[in-house]
There are 2 protein chains.
Amino acid sequence: MLRTHTCGELRITDVGKEIVLCGWLQKSRDIGTIGFIDLRDRYGITQLSFDEHKNKDVFNQARILGREFVLQISGTVVERTAKNANMATGDIEIQVASVEILNESKTPPFTIEEDTDGGDELRMKFRYLDLRRANVRKNLELRHKVSKFTRQFLDAQNFIEVETPMLIKSTPEGARDFIVPSRLNEGEWYALPQSPQTFKQLLMVSGFDRYYQIVKCFRDEDLRADRQPEFTQIDCEMSFVEQEDILNTFEALIKSLFKEVKNITLDPLPRMSYDHAMKYYGCDKPDTRFDMPFVYLDDLAKGKGFELFDSSESIIAINAKGAANYTRKQLDELTAFVKKPQIGAKGLIYCRVADDGTFKSSVDKFYDQADLQKWADACGAQTNDLILVLCGELNQTRKQMSELRLELGKQLGLRNADTYKALWVIDFPLVEYDEANKRWHAMHHPFTSPKPEDLKYMSTEPQRIRANAYDMVINGVEVGGGSIRIHNKDLQKQMFTLLGFSDEQAQNQFGFLMNAFEYGAPPHGGIAFGFDRLCSLFGGSETIRDYIAFPKNNMGRDVMIDAPSAISDEQRLELGL
Amino acid sequence: MLRTHTCGELRITDVGKEIVLCGWLQKSRDIGTIGFIDLRDRYGITQLSFDEHKNKDVFNQARILGREFVLQISGTVVERTAKNANMATGDIEIQVASVEILNESKTPPFTIEEDTDGGDELRMKFRYLDLRRANVRKNLELRHKVSKFTRQFLDAQNFIEVETPMLIKSTPEGARDFIVPSRLNEGEWYALPQSPQTFKQLLMVSGFDRYYQIVKCFRDEDLRADRQPEFTQIDCEMSFVEQEDILNTFEALIKSLFKEVKNITLDPLPRMSYDHAMKYYGCDKPDTRFDMPFVYLDDLAKGKGFELFDSSESIIAINAKGAANYTRKQLDELTAFVKKPQIGAKGLIYCRVADDGTFKSSVDKFYDQADLQKWADACGAQTNDLILVLCGELNQTRKQMSELRLELGKQLGLRNADTYKALWVIDFPLVEYDEANKRWHAMHHPFTSPKPEDLKYMSTEPQRIRANAYDMVINGVEVGGGSIRIHNKDLQKQMFTLLGFSDEQAQNQFGFLMNAFEYGAPPHGGIAFGFDRLCSLFGGSETIRDYIAFPKNNMGRDVMIDAPSAISDEQRLELGL
């Protein structure tokens with residue numbers, strides 16, 4: 001090794017040792033005849049000192065070293081006079097005897113500090129320098145830790161990690177595939193997997209009993225801030241289980257991860273039905289760090305001559321506790337917020353509960369104090385609370401109110417990144433109707449098992465069929481989801497029929513799975529966690545990009561290596577393109 | 001859970017317990033009024049018994065169950081009268097109280113037994129049934145074990161697993177890339193990585209210090225028996241190290257794996273130079289389970305009037321110890337073996353050392369006993385040994401003799417799959433000359449560091465430059481290889497120039513790496529192990545396909561899912577193809 005120690009490990013007990021360190025020059029400064037350099041590596045920072053009186057050559061050499069130079073230094077560990085309690089190595093420094101420059105560095109385009117002066121784009125182009133910053137590196141160390149404990153947990157529970165193939169078959173169902181031309185089979189294409197779904201089900205048919213894989217998946221979607229064309233899943237499947245078994249197994253995994261990685265003891269995960277979540281939080285991934293449930297005012301607010309309410313399908317209120325002091329300006333901003341095109345509400349009605357228990361609303365003309373008292377009672381609003389009301393078509397209003405609720409939660413400090421509230425959302429509908437294409441879509445995927453008691457609605461009211469499907473939601477983020485699968489080939493066929501597949505299409509695309517079901521498929525189910533998202537949640541960030549070593553931008557480009565790029569004529573020719 | 005126990009865990013101490021098992025019907029038989037079923041799951045087999053006198057309904061139900069039916073049975077653990085010491089559960093059986101058929105099965109197209117009656121092609125088509133066979137499942141369990149211990153070892157040594165991207169940039173250098181059209185960047189393509197080489201080097205530039213990844217890689221080559229278009233590597237890189245550090249670190253990994261997985265204590269790995277390996281074994285991955293080194297007879301055998309030898313560049317012998325009893329027929333077969341077009345020798349000369357110490361050779365006409373005694377002395381041949389000689393152009397003869405040596409090793413039982421001999425091959429040449437294209441090729445890859453003492457040959461005799469490159473070879477299989485990398489941008493530029501890259505080409509393809517080298521790249525090096533191959537070696541098999549859950553055939557097809565396949569016009573349109 002070119003070093004005897006790392007830059008993170010020397011302590012007061014090492015004083016007197018002759019050592020060799022390697023690392024990067026973080027910063028340097030002179031105080032008269034003493035020069036100091038902070039030498040950095042992955043493990044920490046160690047202070048080097050150069051005394052002009054003791055070693056003039058080395059002192060002079062040290063003065064001309066630039067930021068990010070790679071150095072190998074030898075010297076003696078000495079006790080510092082001015083100790084730094086904020087650094088693990090802060091009790092000591094190195095009296096340097098010799099310096100070797102292992103490599104020089106141009107001045108980096110941005111500072112290698114936690115608070116850097118580099119903008120997003122520049123840092124992505126020089127990602128290899130961005131990754132030198134301690135906070136970025138820590139994100140990836142966290143990611144490693146999460147994967148390590150996940151594997152430990154699942155290994156201990158008899159799960160076996162099996163690698164499923166990356167070059168598979170394109171299926172038009174679901175999101176768009178990335179595809180790969182085959183040279184040996186000209187005119188034919190592989191697809192990259194959107195998930196190992198069918199393969200893990202085949203592994204259950206094979207009797208593997210408990211499978212997992214931490215695996216790259218690919219989706220060619222238009223990108224948003226929290227989406228990447230390639231992403232990583234913790235993918236799991238179990239045989240001879242019911243929904244309850246999956247929920248218990250993976251609740252234990254998540255609790256164990258929180259304990260190991262964050263030293264947080266997570267509360268037992270409540271279970272909330274999809275219908276409940278939609279009704280009271282307006283979305284299927286409610287942020288339950290704060291309550292603020294929806295209150296339906298239809299009975300109380302209609303028929304009082306307020307045309308807007310009277311003509312609305314639904315009137316929904318929330319109670320922002322303690323927010324009666326919101327100023328006119330703040331209320332205007334909230335109104336502007338809900339009227340943004342992405343949210344689309346027509347307006348916002350409010351009702352303050354004053355100190356003295358009286359009400360002041362934006363619709364005083366139509367509702368007297370007694371009316372508003374009823375609203376307050378329905379909302380559980382007391383003095384100093386602020387009731388906010390939206391109205392319109394039921395589903396739209398729910399969506400709008402969900403956004404408003406989250407915004408208020410943020411404004412009122414109820415969405416602390418260090419607080420974690422997890423829950424299961426269960427009883428999802430099996431299918432939803434796609435008005436545009438006049439057909440039923442699988443809400444989860446076509447392999448999800450309906451609840452046996454709802455099978456009776458199959459041919460008449462498919463929208464009433466609930467699925468044995470579940471999502472794990474933490475702090476308003478869907479971190480995982482799964483289902484009990486269909487293991488019966490006839491039921492699988494019915495499902496494909498419901499989804500508008502012809503027998504031929506179903507056979508062509510999923511024949512191998514349906515054929516497999518003819519040879520003794522066990523009851524099975526599973527779950528997949530979005531690993532990037534889980535890591536960002538553990539790290540308290542909202543952008544998964546911060547937890548990916550070499551992420552792509554919103555156009556799917558890696559700006560560092562400049563990919564994708566043109567290919568050569570020779571490549572085209574060989575592939576018959 | 002649908003069961004209380006697995007089929008592998010009940011013991012004599014469980015007698016009397018009421019249990020529920022789930023599994024597949026392995027086989028069934030009746031002995032008069034008692035029926036037996038072997039119920040199988042991943043964990044083992046448990047015998048079920050059905051007594052007509054005790055429960056006639058269940059007895060009758062059991063008789064009509066077919067092979068591979070999925071059953072849930074409940075019953076009582078009882079002691080067996082006829083115990084089976086070969087089964088972990090052989091002391092007990094289950095007196096079955098009730099049977100539920102969880103799923104039926106058609107009769108499988110081949111038997112689900114270790115020795116199956118299914119041919120290769122059929123088993124690949126029904127891979128999900130092939131995976132039910134205990135030996136195939138054990139291969140994948142072994143694979144899981146190897147990856148688990150690899151991670152444990154590397155984690156403990158401060159390596160951090162970092163996922164590198166799968167959608168990267170195509171580089172014409174090296175093997176052929178699989179490429180992926182970008183929809184968001186029409187006309188541009190990603191490539192799938194042949195290895196994470198450049199990314200792991202960038203991680204070293206980033207200061208990650210010790211990186212590993214168990215990762216899928218892709219190469220669009222014409223396939224051979226032991227090649228797959230997608231394969232898995234254990235990919236590693238370290239900073240501030242010299243070759244010696246890498247060899248020691250990964251020798252320790254391999255020894256630890258052998259201990260943990262096979263309970264075998266591997267001898268310390270000898271180091272053999274590339275030149276030595278080529279000279280004495282005719283290949284750079286010698287099987288050292290047996291010695292049988294090449295002996296060069298040029299000085300002894302030329303000038304005796306034997307035209308074939310006299311006109312040959314080189315005459316190479318090996319000594320097959322104890323093989324003097326090879327029959328004429330066996331010798332003819334060996335001759336036919338070396339004359340196969342793939343090997344291409346013109347003939348084979350032999351010399352037996354008889355019981356009485358006399359020699360009998362196929363070239364007695366030219367060589368008398370004294371001449372042959374000299375051959376024998378050179379070869380260390382004694383009574384009962386067989387000397388085999390090939391001649392011709394040096395490099396060709398070495399290759400041919402290498403094949404003959406391996407064949408003899410096999411015939412003489414010297415290549416036992418349970419014996420493991422590992423070594424390092426070091427001091428590879430940096431470049432080799434490609435006569436066809438009149439240019440130098442990197443023997444390893446363009447990032448490999450030359451030995452500093454050989455840099456003087458750079459512009460004059462590049463063939464003399466040795467690289468800081470190394471392969472780990474076990475039983476004649478190259479399981480891993482790597483090198484110390486170039487970390488100096490000027491040297492990297494020189495290397496690209498030597499390899500015939502224009503500055504523009506180098507910048508276009510590897511600019512991001514060369515730019516990174518301008519910002520303080522540390523000295524670094526690494527290694528990558530072929531994970532599939534390593535697993536097959538641990539399993540004592542020569543075909544990596546046996547250790548891959550869903551392998552492709554020699555045409556790169558997955559015959560189970562029938563991929564690659566045609567794509568839709570809509571997909572073509574969206575991708576601008």
# chains A, B, ... in the order shown; residues from 1 in each chain; ligands from 1

call {"tool": "interface_residues", "arguments": {"of": "chain B", "to": "chain A", "cutoff": "6 Å", "atoms": "only C-alpha atoms", "output": "PyMOL selection string"}}
result
chain B and resi 1-2+42+68-70+103-106+128-129+131-132+144+161+168-169+179-180+188-190+202+206-208+240-241+512+518-520+561+563-566

call {"tool": "write_last_selection", "arguments": {"atoms": "C-alpha atoms", "output": "compact mmCIF listing (two decimals), in the first residue's frame"}}
result
# COMPACT_ATOMS: atom_id res chain seq x y z
CA MET B 1 -48.61 -18.77 5.98
CA LEU B 2 -50.29 -21.69 4.27
CA ARG B 42 -37.08 -26.20 -1.87
CA GLU B 68 -46.23 -32.11 -9.63
CA PHE B 69 -49.67 -31.35 -8.19
CA VAL B 70 -49.37 -28.60 -5.58
CA ASN B 103 -53.08 -26.44 -8.05
CA GLU B 104 -53.12 -29.25 -10.56
CA SER B 105 -50.37 -30.04 -13.02
CA LYS B 106 -50.22 -31.50 -16.46
CA TYR B 128 -39.13 -23.27 -14.88
CA LEU B 129 -39.54 -27.02 -14.56
CA LEU B 131 -35.19 -25.37 -12.10
CA ARG B 132 -37.30 -27.67 -9.91
CA HIS B 144 -26.20 -17.05 -3.89
CA GLU B 161 -20.70 -1.29 -3.48
CA ILE B 168 -23.92 4.34 -21.24
CA LYS B 169 -21.99 5.36 -24.33
CA ILE B 179 -26.99 -0.66 -28.19
CA VAL B 180 -30.30 0.95 -27.21
CA GLU B 188 -28.80 8.74 -30.65
CA TRP B 189 -28.08 5.48 -28.89
CA TYR B 190 -27.02 4.21 -25.50
CA LEU B 202 -13.95 7.67 -12.15
CA SER B 206 -13.81 10.70 -6.82
CA GLY B 207 -11.95 9.30 -3.83
CA PHE B 208 -14.16 6.26 -3.21
CA PHE B 240 -3.25 4.09 -3.46
CA VAL B 241 -2.15 0.54 -4.18
CA PHE B 512 -14.46 12.33 -19.80
CA GLU B 518 -6.56 16.40 -14.95
CA TYR B 519 -8.19 16.90 -11.56
CA GLY B 520 -6.09 14.75 -9.27
CA ILE B 561 -39.86 -16.56 -23.35
CA ALA B 563 -36.79 -13.49 -27.09
CA PRO B 564 -35.60 -11.57 -29.01
CA SER B 565 -38.78 -11.01 -31.00
CA ALA B 566 -40.39 -8.63 -33.45

call {"tool": "select_by_dssp", "arguments": {"residues": "stretch 205-407 of chain B", "states": "alpha helix (DSSP H)", "output": "ChimeraX atom specification"}}
result
/B:205,243-257,274-281,298-301,307-310,328-339,369-379,394-407

call {"tool": "select_by_dssp", "arguments": {"residues": "stretch 90-151 of chain B", "states": "strand (DSSP E)", "output": "PyMOL selection string"}}
result
chain B and resi 92-103

call {"tool": "atom_distance", "arguments": {"atom1": "atom CA of A:Arg405", "atom2": "atom CA of A:Phe529"}}
result
25.9 Å

call {"tool": "residues_around", "arguments": {"residues": "A:Leu48", "least_positions_apart": "2", "cutoff": "9 Å", "atoms": "only C-alpha atoms", "output": "ChimeraX atom specification"}}
result
/A:35-39,46,50,73,75,93-96

call {"tool": "write_last_selection", "arguments": {"atoms": "N, CA, C and O atoms", "output": "PDB file, in the first residue's frame"}}
result
ATOM      1  N   GLY A  35       3.210  26.149   7.991  1.00  0.00           N
ATOM      2  CA  GLY A  35       2.188  25.925   6.968  1.00  0.00           C
ATOM      3  C   GLY A  35       1.288  24.776   7.380  1.00  0.00           C
ATOM      4  O   GLY A  35       1.734  23.838   8.062  1.00  0.00           O
ATOM      5  N   PHE A  36       0.019  24.879   7.021  1.00  0.00           N
ATOM      6  CA  PHE A  36      -0.916  23.793   7.316  1.00  0.00           C
ATOM      7  C   PHE A  36      -1.604  23.317   6.037  1.00  0.00           C
ATOM      8  O   PHE A  36      -1.943  24.140   5.168  1.00  0.00           O
ATOM      9  N   ILE A  37      -1.800  22.041   5.951  1.00  0.00           N
ATOM     10  CA  ILE A  37      -2.592  21.472   4.851  1.00  0.00           C
ATOM     11  C   ILE A  37      -3.609  20.511   5.446  1.00  0.00           C
ATOM     12  O   ILE A  37      -3.266  19.716   6.330  1.00  0.00           O
ATOM     13  N   ASP A  38      -4.860  20.606   4.986  1.00  0.00           N
ATOM     14  CA  ASP A  38      -5.839  19.574   5.318  1.00  0.00           C
ATOM     15  C   ASP A  38      -5.790  18.523   4.218  1.00  0.00           C
ATOM     16  O   ASP A  38      -6.066  18.826   3.053  1.00  0.00           O
ATOM     17  N   LEU A  39      -5.443  17.299   4.587  1.00  0.00           N
ATOM     18  CA  LEU A  39      -5.361  16.210   3.614  1.00  0.00           C
ATOM     19  C   LEU A  39      -6.612  15.351   3.753  1.00  0.00           C
ATOM     20  O   LEU A  39      -6.959  14.924   4.852  1.00  0.00           O
ATOM     21  N   THR A  46      -7.026  14.835   7.757  1.00  0.00           N
ATOM     22  CA  THR A  46      -5.959  14.941   8.753  1.00  0.00           C
ATOM     23  C   THR A  46      -5.154  16.204   8.465  1.00  0.00           C
ATOM     24  O   THR A  46      -4.860  16.509   7.306  1.00  0.00           O
ATOM     25  N   PHE A  50       3.820  22.017   8.503  1.00  0.00           N
ATOM     26  CA  PHE A  50       5.140  22.199   7.881  1.00  0.00           C
ATOM     27  C   PHE A  50       5.823  23.359   8.593  1.00  0.00           C
ATOM     28  O   PHE A  50       5.313  24.483   8.568  1.00  0.00           O
ATOM     29  N   ILE A  73       2.394  11.721   1.786  1.00  0.00           N
ATOM     30  CA  ILE A  73       3.294  12.387   2.726  1.00  0.00           C
ATOM     31  C   ILE A  73       3.742  11.399   3.800  1.00  0.00           C
ATOM     32  O   ILE A  73       3.025  10.481   4.158  1.00  0.00           O
ATOM     33  N   GLY A  75       5.616  11.350   7.749  1.00  0.00           N
ATOM     34  CA  GLY A  75       5.896  12.239   8.863  1.00  0.00           C
ATOM     35  C   GLY A  75       5.582  11.569  10.186  1.00  0.00           C
ATOM     36  O   GLY A  75       5.400  10.354  10.259  1.00  0.00           O
ATOM     37  N   GLU A  93      -1.861  16.180  14.652  1.00  0.00           N
ATOM     38  CA  GLU A  93      -1.515  16.599  13.295  1.00  0.00           C
ATOM     39  C   GLU A  93      -0.246  15.856  12.893  1.00  0.00           C
ATOM     40  O   GLU A  93       0.365  15.163  13.712  1.00  0.00           O
ATOM     41  N   ILE A  94       0.139  15.992  11.630  1.00  0.00           N
ATOM     42  CA  ILE A  94       1.334  15.297  11.152  1.00  0.00           C
ATOM     43  C   ILE A  94       2.433  16.323  10.911  1.00  0.00           C
ATOM     44  O   ILE A  94       2.232  17.286  10.161  1.00  0.00           O
ATOM     45  N   GLN A  95       3.559  16.104  11.569  1.00  0.00           N
ATOM     46  CA  GLN A  95       4.734  16.905  11.260  1.00  0.00           C
ATOM     47  C   GLN A  95       5.386  16.271  10.037  1.00  0.00           C
ATOM     48  O   GLN A  95       5.917  15.166  10.113  1.00  0.00           O
ATOM     49  N   VAL A  96       5.296  16.956   8.913  1.00  0.00           N
ATOM     50  CA  VAL A  96       5.626  16.305   7.646  1.00  0.00           C
ATOM     51  C   VAL A  96       7.130  16.308   7.389  1.00  0.00           C
ATOM     52  O   VAL A  96       7.796  17.338   7.504  1.00  0.00           O
TER      53      VAL A  96
END

call {"tool": "closest_residue", "arguments": {"among": "B:Lys374, B:Arg485, B:Lys321, B:Lys17", "to": "B:Leu414", "atoms": "only C-alpha atoms"}}
result
B:Lys321

call {"tool": "residues_around", "arguments": {"residues": "A:Tyr367", "least_positions_apart": "5", "cutoff": "10 Å", "atoms": "only C-alpha atoms", "output": "MDAnalysis selection string"}}
result
chainID A and resid 301 304:306 361:362 372:373 375
